[in-house]
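Printed here is input-v9.cif (mmCIF, C-alpha atoms):
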data_structure
#
loop_
_atom_site.label_atom_id
_atom_site.label_comp_id
_atom_site.auth_asym_id
_atom_site.auth_seq_id
_atom_site.Cartn_x
_atom_site.Cartn_y
_atom_site.Cartn_z
CA VAL J 1 86.69 112.16 81.23
CA VAL J 2 88.68 114.43 83.54
CA SER J 3 88.87 111.79 86.28
CA LYS J 4 91.01 109.63 83.98
CA THR J 5 93.55 112.35 83.20
CA VAL J 6 97.18 111.22 83.49
CA THR J 7 99.92 113.66 84.50
CA PRO J 8 103.65 113.41 83.64
CA ASP J 9 105.08 113.27 87.19
CA LEU J 10 106.37 109.88 88.32
CA LYS J 11 104.07 108.18 90.80
CA ASN J 12 105.59 105.15 92.52
CA GLU J 13 108.88 103.45 93.21
CA ASN J 14 109.32 100.11 91.35
CA ASN J 15 106.98 101.13 88.53
CA VAL J 16 108.30 100.55 85.01
CA LEU J 17 109.00 103.14 82.31
CA LEU J 18 108.30 102.26 78.68
CA VAL J 19 109.12 104.17 75.51
CA LEU J 20 106.32 104.18 72.94
CA GLY J 21 107.30 104.97 69.37
CA HIS J 22 110.35 104.77 67.12
CA THR J 23 113.62 106.61 67.68
CA ALA J 24 115.91 107.57 64.80
CA CYS J 25 119.04 109.72 64.74
CA GLU J 26 117.15 112.97 64.16
CA PHE J 27 118.95 116.07 65.45
CA GLY J 28 118.29 118.51 62.61
CA ALA J 29 116.87 121.75 64.05
CA SER J 30 116.86 120.14 67.52
CA HIS J 31 117.56 121.76 70.84
CA LEU J 32 120.77 119.70 71.14
CA GLU J 33 121.94 120.93 67.74
CA LYS J 34 121.32 124.49 68.88
CA ILE J 35 123.11 124.34 72.25
CA MET J 36 126.00 122.20 70.99
CA GLU J 37 126.34 124.42 67.90
CA LEU J 38 126.26 121.38 65.65
CA SER J 39 126.00 122.09 61.95
CA SER J 40 123.04 119.91 60.91
CA ARG J 41 124.61 116.56 61.76
CA GLY J 42 121.27 114.86 61.84
CA ALA J 43 118.09 114.71 59.86
CA VAL J 44 115.13 116.90 60.73
CA PRO J 45 112.53 114.67 62.46
CA ALA J 46 110.17 113.14 59.93
CA PHE J 47 106.44 112.69 60.43
CA ASP J 48 105.72 109.26 61.89
CA THR J 49 102.84 107.85 59.87
CA THR J 50 102.21 105.18 62.55
CA ALA J 51 101.73 107.79 65.30
CA PRO J 52 97.93 108.23 64.98
CA ILE J 53 97.36 104.50 65.60
CA ARG J 54 99.69 104.67 68.63
CA TYR J 55 97.86 107.76 69.95
CA ARG J 56 94.53 105.92 69.83
CA ALA J 57 96.02 102.88 71.59
CA LEU J 58 97.58 105.14 74.25
CA HIS J 59 94.25 106.90 74.79
CA GLU J 60 92.55 103.51 75.28
CA ALA J 61 95.28 102.37 77.72
CA ILE J 62 94.88 105.58 79.73
CA GLN J 63 91.08 105.24 79.78
CA SER J 64 91.50 101.62 80.95
CA GLY J 65 93.61 102.76 83.92
CA LEU J 66 96.78 101.02 82.72
CA ILE J 67 98.98 104.15 82.62
CA ALA J 68 100.21 105.80 85.84
CA SER J 69 101.96 108.73 84.15
CA CYS J 70 102.75 109.82 80.60
CA HIS J 71 105.04 112.41 78.99
CA ASP J 72 105.52 113.27 75.34
CA ILE J 73 109.07 113.04 74.00
CA SER J 74 109.76 116.30 72.25
CA GLU J 75 112.33 119.06 72.77
CA GLY J 76 115.45 117.45 74.21
CA GLY J 77 114.37 113.86 73.59
CA ILE J 78 114.04 110.94 76.00
CA ALA J 79 116.64 112.21 78.49
CA VAL J 80 114.83 115.51 79.00
CA ALA J 81 111.38 113.89 79.24
CA VAL J 82 112.62 111.41 81.87
CA ALA J 83 114.28 114.24 83.82
CA GLU J 84 111.05 116.27 83.79
CA MET J 85 109.04 113.24 84.97
CA ALA J 86 111.54 112.56 87.77
CA ILE J 87 111.69 116.20 88.89
CA GLY J 88 107.88 116.40 88.93
CA GLY J 89 107.48 113.25 90.99
CA CYS J 90 110.58 113.69 93.19
CA LEU J 91 111.59 110.14 92.28
CA GLY J 92 114.64 108.74 90.49
CA VAL J 93 114.92 106.49 87.45
CA ASP J 94 117.25 103.54 86.89
CA MET J 95 117.92 102.99 83.18
CA SER J 96 121.14 100.99 83.70
CA ALA J 97 119.70 97.79 82.19
CA CYS J 98 118.58 99.57 78.99
CA ARG J 99 121.32 99.05 76.37
CA THR J 100 120.47 102.26 74.53
CA ALA J 101 120.30 104.53 77.62
CA GLY J 102 123.99 105.32 77.19
CA ASP J 103 123.70 106.35 73.55
CA ALA J 104 123.43 110.14 73.15
CA SER J 105 121.75 109.85 69.74
CA TRP J 106 118.99 107.71 71.29
CA LEU J 107 118.66 109.80 74.47
CA PHE J 108 118.50 113.20 72.73
CA SER J 109 116.88 112.46 69.36
CA GLU J 110 113.71 114.46 68.77
CA SER J 111 111.91 111.86 66.63
CA ASN J 112 108.18 112.57 66.48
CA GLY J 113 105.23 110.63 67.85
CA ARG J 114 106.85 109.19 71.01
CA PHE J 115 105.86 108.98 74.67
CA ILE J 116 107.26 107.68 77.93
CA VAL J 117 104.69 105.91 80.06
CA GLU J 118 104.91 104.73 83.65
CA VAL J 119 103.10 101.49 84.41
CA THR J 120 102.90 99.13 87.35
CA PRO J 121 104.86 95.88 86.97
CA GLU J 122 101.50 94.07 86.90
CA ASN J 123 100.32 96.13 83.90
CA MET J 124 103.56 96.05 81.93
CA SER J 125 102.84 93.03 79.71
CA GLU J 126 99.30 94.25 78.95
CA VAL J 127 100.57 97.69 77.94
CA MET J 128 103.42 96.23 75.86
CA SER J 129 100.96 93.97 74.03
CA ARG J 130 98.98 97.03 72.94
CA PHE J 131 102.09 98.46 71.21
CA PRO J 132 103.72 95.36 69.67
CA ASP J 133 105.96 97.18 67.17
CA ALA J 134 106.62 100.39 69.07
CA CYS J 135 107.35 99.69 72.73
CA SER J 136 110.54 99.12 74.68
CA GLN J 137 111.39 99.00 78.35
CA LEU J 138 113.41 102.01 79.50
CA GLY J 139 113.87 101.43 83.21
CA SER J 140 112.26 101.58 86.61
CA VAL J 141 111.26 104.26 89.08
CA THR J 142 113.41 104.47 92.22
CA CYS J 143 113.43 106.45 95.45
CA ARG J 144 117.04 107.55 94.75
CA ASP J 145 117.89 111.18 93.97
CA ALA J 146 119.36 110.26 90.58
CA LEU J 147 118.87 109.30 86.98
CA THR J 148 121.07 106.26 86.33
CA PHE J 149 122.09 105.49 82.74
CA THR J 150 123.83 102.57 81.01
CA GLY J 151 127.26 102.01 82.57
CA ASN J 152 125.87 103.31 85.88
CA ASP J 153 126.55 106.93 84.89
CA GLU J 154 124.38 109.12 87.11
CA VAL J 155 122.98 112.62 87.27
CA SER J 156 121.64 113.98 90.54
CA LEU J 157 117.98 115.06 90.54
CA THR J 158 118.92 117.86 92.90
CA GLU J 159 121.38 119.14 90.30
CA LEU J 160 118.86 118.71 87.46
CA ARG J 161 116.18 120.52 89.47
CA HIS J 162 118.58 123.41 90.11
CA VAL J 163 119.48 123.69 86.42
CA TRP J 164 115.83 123.47 85.40
CA MET J 165 114.82 126.19 87.89
CA THR J 166 117.56 128.58 86.73
CA GLN J 167 116.53 128.14 83.07
CA GLN J 168 112.89 129.13 83.64
#

What would you get if you wrote out this structure as structure tokens?
Amino acid sequence: VVSKTVTPDLKNENNVLLVLGHTACEFGASHLEKIMELSSRGAVPAFDTTAPIRYRALHEAIQSGLIASCHDISEGGIAVAVAEMAIGGCLGVDMSACRTAGDASWLFSESNGRFIVEVTPENMSEVMSRFPDACSQLGSVTCRDALTFTGNDEVSLTELRHVWMTQQ
């Protein structure tokens, strides 16, 4: 039903971002490998055999109204997907409490079958229970003009928006 469509732009400050799916160190043939001129330092992303089950559960969660926004994790990995969500919604993201949000291999891996979902704090436990083996908390939506990573490293959304616009 069209009325239950979910877009990728962030919706509301204080909402929670979750990563659905499994992340491995998979950079082979990735965008990062290309721009950093790496010589195949990572495996090519493998097909995730658990993805179809996760897709059905995500569809049900969206139809139930539990998901505020959703973005696939593909070219560029988690970091790029979060940046696109933040740019689209003109809202920041605080990932400083996520232990892995400072790890480049986790942020830029292009493992298949993953999504970032935005949920209200009230819906977080319900959504997490629907993905018991493939869900982790990434961070929260803020009104700040920044993406904040582990160690409080930050990137300005204004700067990201400028870079994104010049690459189109």

- Expansion of the PyMOL selection byres ((chain J and resi 111) around 7) into residues, as a ChimeraX atom specification: /J:23-24,26,45,109-110,112-113

- To one decimal place, how far is CA of Val44 in chain J from CA of Cys25 in chain J in Å? 9.1 Å

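When you apply the PyMOL selection byres ((chain J and resi 82) around 10) to this structure, what comes back is J:Pro8, J:Asp9, J:Leu10, J:Leu17, J:His71, J:Asp72, J:Ile73, J:Gly77, J:Ile78, J:Ala79, J:Val80, J:Ala81, J:Ala83, J:Glu84, J:Met85, J:Ala86, J:Ile87, J:Gly88, J:Gly92, J:Val93, J:Leu107, J:Ile116, J:Val117, J:Leu138, J:Leu147.
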
- Nearest to Thr120 in chain J by atom-to-atom distance, counting only C-alpha atoms, from J:Val16, J:Ile53, J:Ala134, J:Cys98: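 The shortest atom-to-atom distance to Thr120 in chain J comes from J:Val16.
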
- Task: Could you please determine the separation between CA of Ser96 in chain J and CA of Phe108 in chain J in Å, to one decimal place?
- Result: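 Computed distance, CA of Ser96 in chain J to CA of Phe108 in chain J, equals 16.6 Å.
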
- Task: Name the residues in contact with Leu58 in chain J at a cut-off of 9 Å, using only C-alpha atoms, excluding same-chain residues fewer than 2 positions from it; report them as JSON, numbers by chain.
- Result: {"J": [20, 53, 54, 55, 56, 60, 61, 62, 63, 67, 127, 130, 131]}

Evaluate the PyMOL selection byres ((chain J and resi 11) around 9) and report residues as an mmCIF file with C-alpha atoms, keeping the file's coordinate frame:
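And here's result.cif as it stands now:
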data_model
loop_
_atom_site.group_PDB
_atom_site.id
_atom_site.type_symbol
_atom_site.label_atom_id
_atom_site.label_comp_id
_atom_site.auth_asym_id
_atom_site.auth_seq_id
_atom_site.Cartn_x
_atom_site.Cartn_y
_atom_site.Cartn_z
ATOM 1 C CA PRO J 8 103.650 113.410 83.640
ATOM 2 C CA ASP J 9 105.080 113.270 87.190
ATOM 3 C CA LEU J 10 106.370 109.880 88.320
ATOM 4 C CA ASN J 12 105.590 105.150 92.520
ATOM 5 C CA GLU J 13 108.880 103.450 93.210
ATOM 6 C CA ASN J 15 106.980 101.130 88.530
ATOM 7 C CA ALA J 68 100.210 105.800 85.840
ATOM 8 C CA SER J 69 101.960 108.730 84.150
ATOM 9 C CA GLY J 89 107.480 113.250 90.990
ATOM 10 C CA CYS J 90 110.580 113.690 93.190
ATOM 11 C CA LEU J 91 111.590 110.140 92.280
ATOM 12 C CA GLU J 118 104.910 104.730 83.650
ATOM 13 C CA VAL J 141 111.260 104.260 89.080
#

- What is the CA of Pro132 in chain J-CA of Arg114 in chain J distance in Å, reported with one decimal?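 Calculated distance between CA of Pro132 in chain J and CA of Arg114 in chain J is 14.2 Å.
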
- Message: I'd like the contact shell of Asn152 in chain J - 9 Å cut-off, all atoms listed in the file, skipping same-chain residues fewer than 3 positions apart - returned as a list in words.
- Response: Asp94, Met95, Ser96, Thr148 and Phe149 of chain J

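The smallest atom-to-atom distance between Ala97 in chain J and any of J:Thr50, J:Ser129, J:Asn123, J:Thr150, using all atoms listed in the file, is found for J:Thr150.
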
- Nearest residue to Glu126 in chain J from the set J:Leu66, J:Ala51, J:Ala29, J:Leu160 (distances using only C-alpha atoms):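 The shortest atom-to-atom distance to Glu126 in chain J comes from J:Leu66.
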
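Comparing J:Val1, J:Leu157, J:Gly21, J:Pro52 by their smallest distance to Thr142 in chain J, the closest is J:Leu157 (using only C-alpha atoms).
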
Because the input lacks atoms here, generate all heavy atoms for range 154-165 of chain J and report them as a PDB file, in the coordinates of the input.
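Just written: rebuild_3.pdb:
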ATOM      1  N   GLU J 154     125.506 108.525  86.392  1.00  0.00           N
ATOM      2  CA  GLU J 154     124.380 109.120  87.110  1.00  0.00           C
ATOM      3  C   GLU J 154     124.387 110.640  87.020  1.00  0.00           C
ATOM      4  O   GLU J 154     125.433 111.267  86.885  1.00  0.00           O
ATOM      5  CB  GLU J 154     124.435 108.753  88.599  1.00  0.00           C
ATOM      6  CG  GLU J 154     124.077 107.331  88.890  1.00  0.00           C
ATOM      7  CD  GLU J 154     123.888 107.082  90.370  1.00  0.00           C
ATOM      8  OE1 GLU J 154     124.273 107.914  91.208  1.00  0.00           O
ATOM      9  OE2 GLU J 154     123.326 106.028  90.684  1.00  0.00           O
ATOM     10  N   VAL J 155     123.182 111.184  87.145  1.00  0.00           N
ATOM     11  CA  VAL J 155     122.980 112.620  87.270  1.00  0.00           C
ATOM     12  C   VAL J 155     122.050 112.815  88.455  1.00  0.00           C
ATOM     13  O   VAL J 155     121.003 112.174  88.545  1.00  0.00           O
ATOM     14  CB  VAL J 155     122.351 113.234  86.000  1.00  0.00           C
ATOM     15  CG1 VAL J 155     122.088 114.711  86.191  1.00  0.00           C
ATOM     16  CG2 VAL J 155     123.224 112.998  84.790  1.00  0.00           C
ATOM     17  N   SER J 156     122.429 113.695  89.348  1.00  0.00           N
ATOM     18  CA  SER J 156     121.640 113.980  90.540  1.00  0.00           C
ATOM     19  C   SER J 156     120.365 114.743  90.172  1.00  0.00           C
ATOM     20  O   SER J 156     120.405 115.706  89.399  1.00  0.00           O
ATOM     21  CB  SER J 156     122.484 114.811  91.507  1.00  0.00           C
ATOM     22  OG  SER J 156     121.676 115.532  92.390  1.00  0.00           O
ATOM     23  N   LEU J 157     119.231 114.332  90.759  1.00  0.00           N
ATOM     24  CA  LEU J 157     117.980 115.060  90.540  1.00  0.00           C
ATOM     25  C   LEU J 157     118.044 116.445  91.174  1.00  0.00           C
ATOM     26  O   LEU J 157     117.480 117.399  90.634  1.00  0.00           O
ATOM     27  CB  LEU J 157     116.795 114.304  91.133  1.00  0.00           C
ATOM     28  CG  LEU J 157     116.273 113.118  90.354  1.00  0.00           C
ATOM     29  CD1 LEU J 157     115.099 112.489  91.072  1.00  0.00           C
ATOM     30  CD2 LEU J 157     115.891 113.508  88.956  1.00  0.00           C
ATOM     31  N   THR J 158     118.754 116.555  92.270  1.00  0.00           N
ATOM     32  CA  THR J 158     118.920 117.860  92.900  1.00  0.00           C
ATOM     33  C   THR J 158     119.621 118.819  91.943  1.00  0.00           C
ATOM     34  O   THR J 158     119.199 119.969  91.770  1.00  0.00           O
ATOM     35  CB  THR J 158     119.724 117.729  94.215  1.00  0.00           C
ATOM     36  OG1 THR J 158     119.009 116.852  95.093  1.00  0.00           O
ATOM     37  CG2 THR J 158     119.932 119.079  94.878  1.00  0.00           C
ATOM     38  N   GLU J 159     120.662 118.321  91.278  1.00  0.00           N
ATOM     39  CA  GLU J 159     121.380 119.140  90.300  1.00  0.00           C
ATOM     40  C   GLU J 159     120.481 119.470  89.093  1.00  0.00           C
ATOM     41  O   GLU J 159     120.440 120.608  88.631  1.00  0.00           O
ATOM     42  CB  GLU J 159     122.633 118.401  89.830  1.00  0.00           C
ATOM     43  CG  GLU J 159     123.473 119.161  88.843  1.00  0.00           C
ATOM     44  CD  GLU J 159     124.698 118.375  88.394  1.00  0.00           C
ATOM     45  OE1 GLU J 159     125.092 117.404  89.065  1.00  0.00           O
ATOM     46  OE2 GLU J 159     125.253 118.747  87.355  1.00  0.00           O
ATOM     47  N   LEU J 160     119.768 118.477  88.592  1.00  0.00           N
ATOM     48  CA  LEU J 160     118.860 118.710  87.460  1.00  0.00           C
ATOM     49  C   LEU J 160     117.778 119.731  87.819  1.00  0.00           C
ATOM     50  O   LEU J 160     117.455 120.602  87.019  1.00  0.00           O
ATOM     51  CB  LEU J 160     118.208 117.413  87.011  1.00  0.00           C
ATOM     52  CG  LEU J 160     119.083 116.415  86.278  1.00  0.00           C
ATOM     53  CD1 LEU J 160     118.337 115.112  86.066  1.00  0.00           C
ATOM     54  CD2 LEU J 160     119.561 116.987  84.964  1.00  0.00           C
ATOM     55  N   ARG J 161     117.218 119.599  89.021  1.00  0.00           N
ATOM     56  CA  ARG J 161     116.180 120.520  89.470  1.00  0.00           C
ATOM     57  C   ARG J 161     116.730 121.949  89.531  1.00  0.00           C
ATOM     58  O   ARG J 161     116.077 122.898  89.091  1.00  0.00           O
ATOM     59  CB  ARG J 161     115.654 120.093  90.849  1.00  0.00           C
ATOM     60  CG  ARG J 161     114.419 120.818  91.307  1.00  0.00           C
ATOM     61  CD  ARG J 161     113.883 120.280  92.639  1.00  0.00           C
ATOM     62  NE  ARG J 161     113.440 118.902  92.531  1.00  0.00           N
ATOM     63  CZ  ARG J 161     114.097 117.843  93.027  1.00  0.00           C
ATOM     64  NH1 ARG J 161     115.227 117.993  93.675  1.00  0.00           N
ATOM     65  NH2 ARG J 161     113.620 116.624  92.880  1.00  0.00           N
ATOM     66  N   HIS J 162     117.943 122.100  90.046  1.00  0.00           N
ATOM     67  CA  HIS J 162     118.580 123.410  90.110  1.00  0.00           C
ATOM     68  C   HIS J 162     118.764 124.013  88.719  1.00  0.00           C
ATOM     69  O   HIS J 162     118.437 125.177  88.486  1.00  0.00           O
ATOM     70  CB  HIS J 162     119.930 123.315  90.844  1.00  0.00           C
ATOM     71  CG  HIS J 162     120.699 124.588  90.816  1.00  0.00           C
ATOM     72  ND1 HIS J 162     120.372 125.676  91.591  1.00  0.00           N
ATOM     73  CD2 HIS J 162     121.777 124.953  90.074  1.00  0.00           C
ATOM     74  CE1 HIS J 162     121.195 126.663  91.326  1.00  0.00           C
ATOM     75  NE2 HIS J 162     122.066 126.255  90.413  1.00  0.00           N
ATOM     76  N   VAL J 163     119.284 123.213  87.790  1.00  0.00           N
ATOM     77  CA  VAL J 163     119.480 123.690  86.420  1.00  0.00           C
ATOM     78  C   VAL J 163     118.140 124.057  85.786  1.00  0.00           C
ATOM     79  O   VAL J 163     118.007 125.107  85.153  1.00  0.00           O
ATOM     80  CB  VAL J 163     120.224 122.637  85.565  1.00  0.00           C
ATOM     81  CG1 VAL J 163     120.229 123.015  84.097  1.00  0.00           C
ATOM     82  CG2 VAL J 163     121.654 122.454  86.077  1.00  0.00           C
ATOM     83  N   TRP J 164     117.134 123.225  85.976  1.00  0.00           N
ATOM     84  CA  TRP J 164     115.830 123.470  85.400  1.00  0.00           C
ATOM     85  C   TRP J 164     115.240 124.775  85.948  1.00  0.00           C
ATOM     86  O   TRP J 164     114.700 125.588  85.202  1.00  0.00           O
ATOM     87  CB  TRP J 164     114.895 122.295  85.684  1.00  0.00           C
ATOM     88  CG  TRP J 164     113.559 122.396  85.032  1.00  0.00           C
ATOM     89  CD1 TRP J 164     113.233 122.130  83.740  1.00  0.00           C
ATOM     90  CD2 TRP J 164     112.334 122.800  85.662  1.00  0.00           C
ATOM     91  NE1 TRP J 164     111.891 122.349  83.528  1.00  0.00           N
ATOM     92  CE2 TRP J 164     111.330 122.755  84.681  1.00  0.00           C
ATOM     93  CE3 TRP J 164     112.012 123.188  86.959  1.00  0.00           C
ATOM     94  CZ2 TRP J 164     110.012 123.092  84.967  1.00  0.00           C
ATOM     95  CZ3 TRP J 164     110.705 123.515  87.231  1.00  0.00           C
ATOM     96  CH2 TRP J 164     109.713 123.463  86.236  1.00  0.00           C
ATOM     97  N   MET J 165     115.372 124.993  87.257  1.00  0.00           N
ATOM     98  CA  MET J 165     114.820 126.190  87.890  1.00  0.00           C
ATOM     99  C   MET J 165     115.530 127.459  87.412  1.00  0.00           C
ATOM    100  O   MET J 165     114.898 128.495  87.253  1.00  0.00           O
ATOM    101  CB  MET J 165     114.907 126.101  89.412  1.00  0.00           C
ATOM    102  CG  MET J 165     114.014 125.017  90.005  1.00  0.00           C
ATOM    103  SD  MET J 165     112.263 125.268  89.714  1.00  0.00           S
ATOM    104  CE  MET J 165     111.947 126.599  90.820  1.00  0.00           C
TER     105      MET J 165
END
